[in-house]
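K.L.:
I have a structure I would like to understand better, so I am pasting it below and will then ask my questions one at a time.
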Amino acid sequence: MNKNRLEAFSDGVLAIIITIMILEIKAPEDDSFESLKPLIPVFLSYVLSFVYIGIYWNNHHHMLQVAKKINGSILWSNLFLLFWLSLIPFGTSWIGEHHFSAVPMSIYGFILLMCAVSYIILANKIIKLEGKESVLYKAVGNDKKGKISLACYISAIPFAFVSPWISGLLYITVALIWIIPDSRIEKQIN
């Protein structure tokens, strides 16, 4: 199966997700700087989610760059990832409108957790198809970054009820871990 359609479709879905997120930010009715103040939480949630979508787009690109072939299982795994990524605008809107309160922050964390789990599933499906000699298998290794990310998300969900700011810091920590493109794949190619 040719992977070009999979990549093009995924890119299109991610572009739509970003478009939906920005459309959620409504311009204030006033023309003063003061009227922008209520938008600060909305804008901050947008920035965080935009970074997350960018991270997934970048790493998805790298992963598919080294994949030699795909099958139906990979197609469905990719759709599973896109499903969870498509919920990010909902979570973004909710945390922004409710100023990072506990329940929206925990649901946002659950969405991020499921994005990570579905990404891991997709990577494992590619590895299963291509075997332990594949570039992706060699690059992923023990996936320390992935395990740290999962631990942060799993911790952040209940921490949202202790302090939503702790959850927010954990989400930012994961984003910072991944903001620099994952060089493991590039190292295997070179």
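Order determines the names: the first chain of the structure tokens is A, the second B, and so forth; residues in each chain are numbered 1 upward, and ligands are numbered 1 upward as they are shown.
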Could you give me, as an MDAnalysis selection string, each residue of range 8-180 of chain A that DSSP assigns to helix (DSSP H, G or I) when run on this structure's backbone?
P.N.:
chainID A and resid 8:23 33:66 72:86 88:97 102:130 135:140 144:159 164:179
K.L.:
If we count only C-alpha atoms and set the cut-off at 8 Å, which residues sit around Ser45 in chain A, ignoring sequence neighbours fewer than 2 positions away in its own chain? Please answer as a VMD selection string.
P.N.:
chain A and resid 41 to 43 47 to 49 92 to 93 95 to 96
K.L.:
Pick out the closest residue to Thr173 in chain A from this set: A:Ala160, A:Ile148, A:Leu136, A:Leu113. Count only C-alpha atoms.
P.N.:
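Between A:Ala160, A:Ile148, A:Leu136, A:Leu113, the residue approaching Thr173 in chain A most closely is A:Ile148.
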